[in-house]
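S.K.: Structure provided below as structure tokens; questions to follow.
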Amino acid sequence: MTAPTPLAAVQAEFHGGRRYLAACTLGLPARATLAALRADLDLAEFGRVSAADYSAVAERARGHYARLVRVAPSAVAIGSQTSVMMSLLATALPDGAEVLCAAGEFSSVVLPFVHANRSLRVREVPLGQLAASITSRTAMVAFSLVQSATGDIADAAAIRSAAREAGALTVCDTTQAVGWLPVTASEYDATVCHSYKWLCSPRGVAFLTVGEELARRLSPVHAGWYSGEDPWSSCYGASAQLASDARRFDVSPAWQAFVGAEPALDLFAGADGEKLHAYTAGLADAFRARLDLPPSQSAIVTWNDPDGVDLGRLTAAGIVASGRAGRARVAFHVFNDEADVDDAARALGR
Ligand SMILES: Cc1ncc(COP(=O)(O)O)c(C=O)c1O
């Protein structure tokens with residue numbers, strides 16, 4: 001096994017992070033991503049790009065992501081939005097089944113079940129009560145590992161254990177986690193992740209991991225030419241043979257987005273996940289201390305800001321932050337440092 005890339009080398013890949021506290025909204029491109037996208041444009045200008053080369057890039061991206069979340073590439077499907085992947089996962093459920101979600105959850109995790117048009121019953125409870133609310137009537141619990149609106153981290157171990165006892169499926173959206181919080185995707189029946197935030201990729205590169213048992217229960221409702229066992233012989237007609245592994249759930253890749261994503265995913269897959277976690281959560285907890293908030297080990301910090309005054313102060317100080325659901329929100333990624341903590345705290349008069 002190769003040694004992990006030192007944190008400093010990962011940090012050296014980014015140079016625009018100063019006062020950018022918004023990885024939870026969208027990540028910054030690494031130098032390698034910029035170089036790959038520029039090289040692709042240069043080739044495209046003269047018609048020197050090809051579908052086969054783009055497919056090779058997408059397959060490498062799948063491999064990097066698999067390494068990152070510690071599953072085999074055969075358990076990973078590619079696509080472009082988590083909501084589409086959730087609508088695929090809904091096909092495992094019988095009509096009228098109960099899906100348990102966290103109140104205030106990001107809508108891409110919830111709405112695909114609400115609008116599945118099969119009378120699925122979505123029950124929402126506070127995040128902290130998810131595990132205790134799973135009953136024998138719960139068919140699936142679908143939740144984000146880290147909440148978009150609050151930065152709260154779900155008690156995933158308790159949720160998995162309660163779900164196992166009740167026979168419910170666990171579906172975890174790791175979009176706000178993978179890239180700073182180590183994730184082992186095989187611990188869930190399925191996970192979905194969009195890589196344009198913490199994995200610093202262009203928008204349109206999302207991943208689904210699915211265990212074999214759940215995979216057997218899913219209908220490949222988004223099947224197309226790229227879902228074939230051999231995509232190049234499934235371009236025409238109804239008789240194409242779909243892939244035997246999770247690739248049958250692939251949606252054909254957004255080529256240029258994968259070009260930018262591939263080196264970024266390689267970068268994060270090669271990094272030391274524990275060190276990334278300690279660094280990003282450490283900055284966030286240092287900022288929390290300045291705001292007199294208790295530590296939480298989440299790289300996303302939010303606080304009540306109903307009229308947007310604090311967000312306005314951060315923006316006026318040249319800091320890129322965000323506001324969600326009446327809360328101000330800042331995120332600390334590998335490209336941030338103590339100076340960002342200090343700037344943001346000072347902007348708020350702390
Ligand atoms: C938890 C979570 N999942 C998914 C997404 C993106 O959704 P989609 O992939 O459907 O665009 C976001 C964006 O903020 C998010 O916070």
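Labeling convention for the structure tokens: chains A, B, ... as they appear, residues from 1 per chain, ligands from 1 in order of appearance.
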Enumerate, as a compact mmCIF listing (two decimals) with all heavy atoms, in the first residue's frame, the complete set of residues in range 90-191 of chain A that a backbone-based DSSP assignment places in helix (DSSP H, G or I).
M.R.:
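The result, stored in part.txt:
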# COMPACT_ATOMS: atom_id res chain seq x y z
N ALA A 90 -35.50 4.25 -4.50
CA ALA A 90 -36.93 4.12 -4.15
C ALA A 90 -37.54 2.89 -4.83
O ALA A 90 -38.55 2.35 -4.34
CB ALA A 90 -37.68 5.39 -4.56
N THR A 91 -36.94 2.41 -5.92
CA THR A 91 -37.53 1.26 -6.62
C THR A 91 -37.42 -0.03 -5.80
O THR A 91 -38.06 -1.02 -6.12
CB THR A 91 -36.87 1.03 -8.01
OG1 THR A 91 -35.51 0.61 -7.83
CG2 THR A 91 -36.92 2.29 -8.87
N ALA A 92 -36.59 -0.01 -4.75
CA ALA A 92 -36.47 -1.21 -3.90
C ALA A 92 -37.67 -1.36 -2.97
O ALA A 92 -37.85 -2.42 -2.35
CB ALA A 92 -35.19 -1.14 -3.08
N SER A 107 -33.34 18.50 0.41
CA SER A 107 -34.50 17.98 -0.32
C SER A 107 -34.18 16.85 -1.30
O SER A 107 -35.03 16.00 -1.56
CB SER A 107 -35.23 19.11 -1.04
OG SER A 107 -34.33 19.86 -1.79
N SER A 108 -32.95 16.80 -1.84
CA SER A 108 -32.63 15.71 -2.78
C SER A 108 -32.69 14.33 -2.11
O SER A 108 -32.77 13.32 -2.79
CB SER A 108 -31.23 15.91 -3.38
OG SER A 108 -31.22 16.99 -4.27
N VAL A 109 -32.66 14.33 -0.76
CA VAL A 109 -32.72 13.06 -0.02
C VAL A 109 -34.17 12.64 0.23
O VAL A 109 -34.47 11.48 0.44
CB VAL A 109 -31.96 13.20 1.33
CG1 VAL A 109 -31.98 11.90 2.14
CG2 VAL A 109 -30.52 13.66 1.10
N VAL A 110 -35.07 13.63 0.21
CA VAL A 110 -36.45 13.39 0.65
C VAL A 110 -37.45 13.37 -0.52
O VAL A 110 -38.28 12.46 -0.64
CB VAL A 110 -36.88 14.50 1.64
CG1 VAL A 110 -38.27 14.23 2.18
CG2 VAL A 110 -35.89 14.62 2.78
N LEU A 111 -37.35 14.39 -1.39
CA LEU A 111 -38.38 14.56 -2.42
C LEU A 111 -38.48 13.38 -3.40
O LEU A 111 -39.59 13.07 -3.85
CB LEU A 111 -38.15 15.87 -3.19
CG LEU A 111 -38.32 17.14 -2.34
CD1 LEU A 111 -38.15 18.40 -3.19
CD2 LEU A 111 -39.68 17.15 -1.65
N PRO A 112 -37.38 12.68 -3.72
CA PRO A 112 -37.55 11.52 -4.62
C PRO A 112 -38.49 10.46 -4.04
O PRO A 112 -39.15 9.74 -4.80
CB PRO A 112 -36.12 10.98 -4.76
CG PRO A 112 -35.25 12.17 -4.55
CD PRO A 112 -35.96 12.96 -3.46
N PHE A 113 -38.59 10.38 -2.72
CA PHE A 113 -39.51 9.41 -2.10
C PHE A 113 -40.92 10.00 -2.04
O PHE A 113 -41.90 9.31 -2.29
CB PHE A 113 -39.01 9.03 -0.70
CG PHE A 113 -37.65 8.40 -0.72
CD1 PHE A 113 -36.53 9.10 -0.30
CD2 PHE A 113 -37.48 7.11 -1.20
CE1 PHE A 113 -35.27 8.53 -0.34
CE2 PHE A 113 -36.22 6.52 -1.25
CZ PHE A 113 -35.11 7.24 -0.82
N VAL A 114 -41.00 11.29 -1.73
CA VAL A 114 -42.32 11.95 -1.65
C VAL A 114 -43.02 11.87 -3.01
O VAL A 114 -44.23 11.64 -3.08
CB VAL A 114 -42.16 13.44 -1.24
CG1 VAL A 114 -43.49 14.18 -1.31
CG2 VAL A 114 -41.54 13.54 0.16
N LEU A 127 -33.23 14.90 13.67
CA LEU A 127 -32.04 14.08 13.37
C LEU A 127 -31.63 13.21 14.56
O LEU A 127 -31.37 12.01 14.41
CB LEU A 127 -30.87 15.00 12.97
CG LEU A 127 -29.57 14.29 12.61
CD1 LEU A 127 -29.69 13.56 11.28
CD2 LEU A 127 -28.41 15.29 12.58
N GLY A 128 -31.62 13.80 15.75
CA GLY A 128 -31.17 13.08 16.94
C GLY A 128 -32.11 11.94 17.34
O GLY A 128 -31.76 11.12 18.17
N GLN A 129 -33.32 11.92 16.76
CA GLN A 129 -34.27 10.86 17.11
C GLN A 129 -34.42 9.79 16.02
O GLN A 129 -35.28 8.92 16.11
CB GLN A 129 -35.64 11.48 17.41
CG GLN A 129 -35.66 12.25 18.72
CD GLN A 129 -36.95 13.04 18.89
OE1 GLN A 129 -38.00 12.67 18.35
NE2 GLN A 129 -36.87 14.15 19.60
N LEU A 130 -33.57 9.90 14.99
CA LEU A 130 -33.72 8.95 13.87
C LEU A 130 -33.62 7.50 14.34
O LEU A 130 -34.50 6.68 14.06
CB LEU A 130 -32.63 9.21 12.82
CG LEU A 130 -32.97 10.11 11.62
CD1 LEU A 130 -31.81 10.13 10.64
CD2 LEU A 130 -34.25 9.67 10.93
N ALA A 131 -32.56 7.18 15.07
CA ALA A 131 -32.34 5.79 15.48
C ALA A 131 -33.51 5.28 16.31
O ALA A 131 -34.06 4.20 16.06
CB ALA A 131 -31.03 5.66 16.26
N ALA A 132 -33.94 6.09 17.29
CA ALA A 132 -35.00 5.66 18.20
C ALA A 132 -36.36 5.59 17.50
O ALA A 132 -37.29 4.96 18.01
CB ALA A 132 -35.08 6.64 19.38
N SER A 133 -36.49 6.21 16.33
CA SER A 133 -37.79 6.26 15.65
C SER A 133 -37.97 5.15 14.62
O SER A 133 -39.02 5.04 14.00
CB SER A 133 -37.96 7.62 14.95
OG SER A 133 -37.81 8.66 15.88
N ALA A 156 -24.51 7.79 13.06
CA ALA A 156 -24.70 6.76 12.03
C ALA A 156 -24.64 5.35 12.62
O ALA A 156 -25.38 4.46 12.19
CB ALA A 156 -23.67 6.93 10.93
N ALA A 157 -23.78 5.14 13.62
CA ALA A 157 -23.66 3.79 14.20
C ALA A 157 -24.97 3.38 14.86
O ALA A 157 -25.45 2.25 14.68
CB ALA A 157 -22.52 3.76 15.20
N ALA A 158 -25.59 4.32 15.58
CA ALA A 158 -26.87 4.01 16.25
C ALA A 158 -27.97 3.78 15.21
O ALA A 158 -28.80 2.87 15.37
CB ALA A 158 -27.24 5.16 17.19
N ILE A 159 -27.96 4.57 14.15
CA ILE A 159 -28.99 4.42 13.10
C ILE A 159 -28.84 3.06 12.42
O ILE A 159 -29.81 2.33 12.21
CB ILE A 159 -28.89 5.58 12.08
CG1 ILE A 159 -29.25 6.92 12.75
CG2 ILE A 159 -29.78 5.32 10.86
CD1 ILE A 159 -28.89 8.15 11.95
N ARG A 160 -27.59 2.70 12.11
CA ARG A 160 -27.35 1.40 11.44
C ARG A 160 -27.78 0.24 12.33
O ARG A 160 -28.42 -0.71 11.88
CB ARG A 160 -25.87 1.26 11.07
CG ARG A 160 -25.44 2.13 9.92
CD ARG A 160 -24.10 1.65 9.37
NE ARG A 160 -23.09 1.57 10.40
CZ ARG A 160 -22.17 2.52 10.65
NH1 ARG A 160 -22.17 3.63 9.94
NH2 ARG A 160 -21.28 2.36 11.60
N SER A 161 -27.45 0.36 13.60
CA SER A 161 -27.77 -0.74 14.50
C SER A 161 -29.29 -0.88 14.68
O SER A 161 -29.83 -1.99 14.62
CB SER A 161 -27.02 -0.49 15.81
OG SER A 161 -27.71 -0.99 16.89
N ALA A 162 -29.99 0.24 14.86
CA ALA A 162 -31.46 0.18 15.00
C ALA A 162 -32.11 -0.33 13.71
O ALA A 162 -33.07 -1.10 13.74
CB ALA A 162 -32.01 1.57 15.37
N ALA A 163 -31.56 0.09 12.57
CA ALA A 163 -32.12 -0.34 11.28
C ALA A 163 -31.93 -1.85 11.10
O ALA A 163 -32.84 -2.56 10.64
CB ALA A 163 -31.46 0.43 10.14
N ARG A 164 -30.75 -2.32 11.48
CA ARG A 164 -30.46 -3.75 11.34
C ARG A 164 -31.46 -4.57 12.17
O ARG A 164 -32.03 -5.54 11.71
CB ARG A 164 -29.03 -4.03 11.80
CG ARG A 164 -28.41 -5.25 11.13
CD ARG A 164 -26.94 -5.42 11.52
NE ARG A 164 -26.13 -4.25 11.29
CZ ARG A 164 -25.46 -3.58 12.24
NH1 ARG A 164 -25.53 -3.97 13.50
NH2 ARG A 164 -24.74 -2.52 11.95
N GLU A 165 -31.68 -4.10 13.38
CA GLU A 165 -32.60 -4.82 14.27
C GLU A 165 -34.02 -4.85 13.72
O GLU A 165 -34.73 -5.84 13.83
CB GLU A 165 -32.62 -4.12 15.63
CG GLU A 165 -32.69 -5.07 16.79
CD GLU A 165 -32.22 -4.37 18.04
OE1 GLU A 165 -30.99 -4.25 18.24
OE2 GLU A 165 -33.09 -3.92 18.78
N ALA A 166 -34.43 -3.73 13.06
CA ALA A 166 -35.80 -3.63 12.56
C ALA A 166 -35.93 -4.16 11.14
O ALA A 166 -37.04 -4.22 10.59
CB ALA A 166 -36.23 -2.16 12.60
N ALA A 185 -18.27 3.14 2.98
CA ALA A 185 -19.60 3.07 2.36
C ALA A 185 -20.27 1.71 2.54
O ALA A 185 -21.50 1.63 2.58
CB ALA A 185 -19.48 3.41 0.87
N SER A 186 -19.46 0.64 2.71
CA SER A 186 -20.06 -0.69 2.82
C SER A 186 -20.82 -0.87 4.14
O SER A 186 -21.51 -1.86 4.33
CB SER A 186 -18.97 -1.76 2.71
OG SER A 186 -17.95 -1.49 3.65
N GLU A 187 -20.72 0.10 5.04
CA GLU A 187 -21.47 0.00 6.30
C GLU A 187 -22.96 0.31 6.10
O GLU A 187 -23.77 0.12 7.01
CB GLU A 187 -20.89 0.98 7.33
CG GLU A 187 -19.49 0.56 7.79
CD GLU A 187 -18.87 1.52 8.78
OE1 GLU A 187 -19.30 2.69 8.86
OE2 GLU A 187 -17.92 1.11 9.48
S.K.: Please provide as a list of chain:residue names all residues within 6 Å of range 16-25 of chain A, with the sequence filter that same-chain residues fewer than 6 positions apart are discarded (counting only C-alpha atoms).
M.R.: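 Listed by chain and then number, they are A:Lys197, A:Trp198, A:Ile319, A:Val320, A:Ala321, A:Val330, A:Ala331, A:Phe332, A:Phe335, A:Asn336, A:Asp340.
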S.K.: Around ligand 1, out to 9 Å and counting only C-alpha atoms and all ligand atoms, which residues are there? I want them as a ChimeraX atom specification.
M.R.: /A:24-26,80-86,105-109,143-149,173-177,192-197,203-206
S.K.: Would you mind telling me which residue in A:Pro253, A:Gly47, A:Gly96, A:Gly211 lies nearest to Tyr226 in chain A when using only C-alpha atoms?
M.R.: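 Of all the options, A:Pro253 lies closest to Tyr226 in chain A.
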S.K.: To one decimal in Å, tell me the separation between CA of Asp152 in chain A and CA of Phe207 in chain A.
M.R.: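 If I compute the distance from CA of Asp152 in chain A to CA of Phe207 in chain A, I get 22.2 Å.
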S.K.: Counting only C-alpha atoms, which of A:Glu262, A:Ala271, A:Gly349, A:Asp250 gets nearest to Leu314 in chain A?
M.R.: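 For Leu314 in chain A, the nearest of the candidates is A:Gly349.
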S.K.: Per residue of range 134-198 of chain A within 9 Å of range 54-78 of chain A, record the nearest atom pair and its distance in Å to one decimal, counting only C-alpha atoms, with rows in chain order and ascending residue number, as CSV.
M.R.:
residue,atom,partner,partner_atom,distance
A:Val178,CA,A:Val69,CA,7.8
A:Gly179,CA,A:Leu68,CA,8.6
A:Pro182,CA,A:Val69,CA,7.5
A:Val183,CA,A:Val69,CA,5.5
A:Thr184,CA,A:Val69,CA,5.0
A:Ala185,CA,A:Val69,CA,5.4
A:Ser186,CA,A:Val71,CA,6.3
S.K.: Please identify all polymer residues within 12 Å of His15 in chain A, counting only C-alpha atoms, omitting same-chain residues fewer than 5 positions from it, and present them as a PyMOL selection string.
M.R.: chain A and resi 9-10+20+28-32+34+334-337
S.K.: What's the separation between CA of Ala264 in chain A and CA of Leu7 in chain A, in Å to one decimal place?
M.R.: 14.2 Å
S.K.: Mind checking which residues fall within 8 Å of Thr302 in chain A, counting only C-alpha atoms, ignoring those fewer than 5 positions away in the same chain, and posting them as an mmCIF file with all heavy atoms, in the first residue's frame?
M.R.:
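The resulting around.cif:
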data_model
loop_
_atom_site.group_PDB
_atom_site.id
_atom_site.type_symbol
_atom_site.label_atom_id
_atom_site.label_comp_id
_atom_site.auth_asym_id
_atom_site.auth_seq_id
_atom_site.Cartn_x
_atom_site.Cartn_y
_atom_site.Cartn_z
ATOM 1 N N ALA A 149 -27.980 22.031 6.339
ATOM 2 C CA ALA A 149 -28.449 23.293 6.938
ATOM 3 C C ALA A 149 -27.803 23.595 8.287
ATOM 4 O O ALA A 149 -27.720 24.756 8.683
ATOM 5 C CB ALA A 149 -29.971 23.261 7.090
ATOM 6 N N THR A 150 -27.328 22.561 8.987
ATOM 7 C CA THR A 150 -26.829 22.773 10.353
ATOM 8 C C THR A 150 -25.390 22.319 10.562
ATOM 9 O O THR A 150 -24.749 22.723 11.541
ATOM 10 C CB THR A 150 -27.695 21.993 11.372
ATOM 11 O OG1 THR A 150 -27.599 20.590 11.046
ATOM 12 C CG2 THR A 150 -29.151 22.430 11.329
ATOM 13 N N GLY A 151 -24.887 21.440 9.701
ATOM 14 C CA GLY A 151 -23.555 20.857 9.909
ATOM 15 C C GLY A 151 -23.573 19.726 10.927
ATOM 16 O O GLY A 151 -22.523 19.122 11.204
ATOM 17 N N ARG A 327 -29.894 30.326 9.230
ATOM 18 C CA ARG A 327 -28.619 30.170 9.939
ATOM 19 C C ARG A 327 -27.465 30.638 9.040
ATOM 20 O O ARG A 327 -27.497 30.450 7.827
ATOM 21 C CB ARG A 327 -28.396 28.699 10.329
ATOM 22 C CG ARG A 327 -29.470 28.164 11.262
ATOM 23 C CD ARG A 327 -29.294 26.698 11.577
ATOM 24 N NE ARG A 327 -28.219 26.422 12.514
ATOM 25 C CZ ARG A 327 -28.276 26.656 13.814
ATOM 26 N NH1 ARG A 327 -29.370 27.188 14.345
ATOM 27 N NH2 ARG A 327 -27.263 26.365 14.599
ATOM 28 N N ALA A 328 -26.460 31.269 9.663
ATOM 29 C CA ALA A 328 -25.224 31.563 8.937
ATOM 30 C C ALA A 328 -24.400 30.287 8.920
ATOM 31 O O ALA A 328 -24.469 29.475 9.850
ATOM 32 C CB ALA A 328 -24.462 32.681 9.631
ATOM 33 N N ARG A 329 -23.608 30.103 7.837
ATOM 34 C CA ARG A 329 -22.913 28.817 7.678
ATOM 35 C C ARG A 329 -21.517 29.054 7.103
ATOM 36 O O ARG A 329 -21.368 29.737 6.089
ATOM 37 C CB ARG A 329 -23.746 27.953 6.725
ATOM 38 C CG ARG A 329 -23.282 26.545 6.534
ATOM 39 C CD ARG A 329 -24.232 25.755 5.645
ATOM 40 N NE ARG A 329 -24.137 26.165 4.255
ATOM 41 C CZ ARG A 329 -24.446 25.399 3.207
ATOM 42 N NH1 ARG A 329 -24.923 24.175 3.416
ATOM 43 N NH2 ARG A 329 -24.328 25.829 1.977
ATOM 44 N N VAL A 330 -20.525 28.519 7.785
ATOM 45 C CA VAL A 330 -19.155 28.558 7.248
ATOM 46 C C VAL A 330 -18.594 27.136 7.272
ATOM 47 O O VAL A 330 -19.012 26.305 8.092
ATOM 48 C CB VAL A 330 -18.226 29.505 8.055
ATOM 49 C CG1 VAL A 330 -18.622 30.965 7.878
ATOM 50 C CG2 VAL A 330 -18.174 29.128 9.525
#
S.K.: Can you pull out every residue from range 204-333 of chain A that DSSP, working from the backbone, puts in strand (DSSP E or B), and format the result as a list in words?
M.R.: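 Filtering range 204-333 of chain A down to strand (DSSP E or B) leaves Ala206, Phe207, Leu208, Thr209, Val210, Gly228, Leu242, Ala271, Ile300, Val301, Thr302, Trp303, Asn304, Val320, Ser322, Gly323, Arg324, Arg327, Ala328, Arg329, Val330 and Ala331 of chain A.
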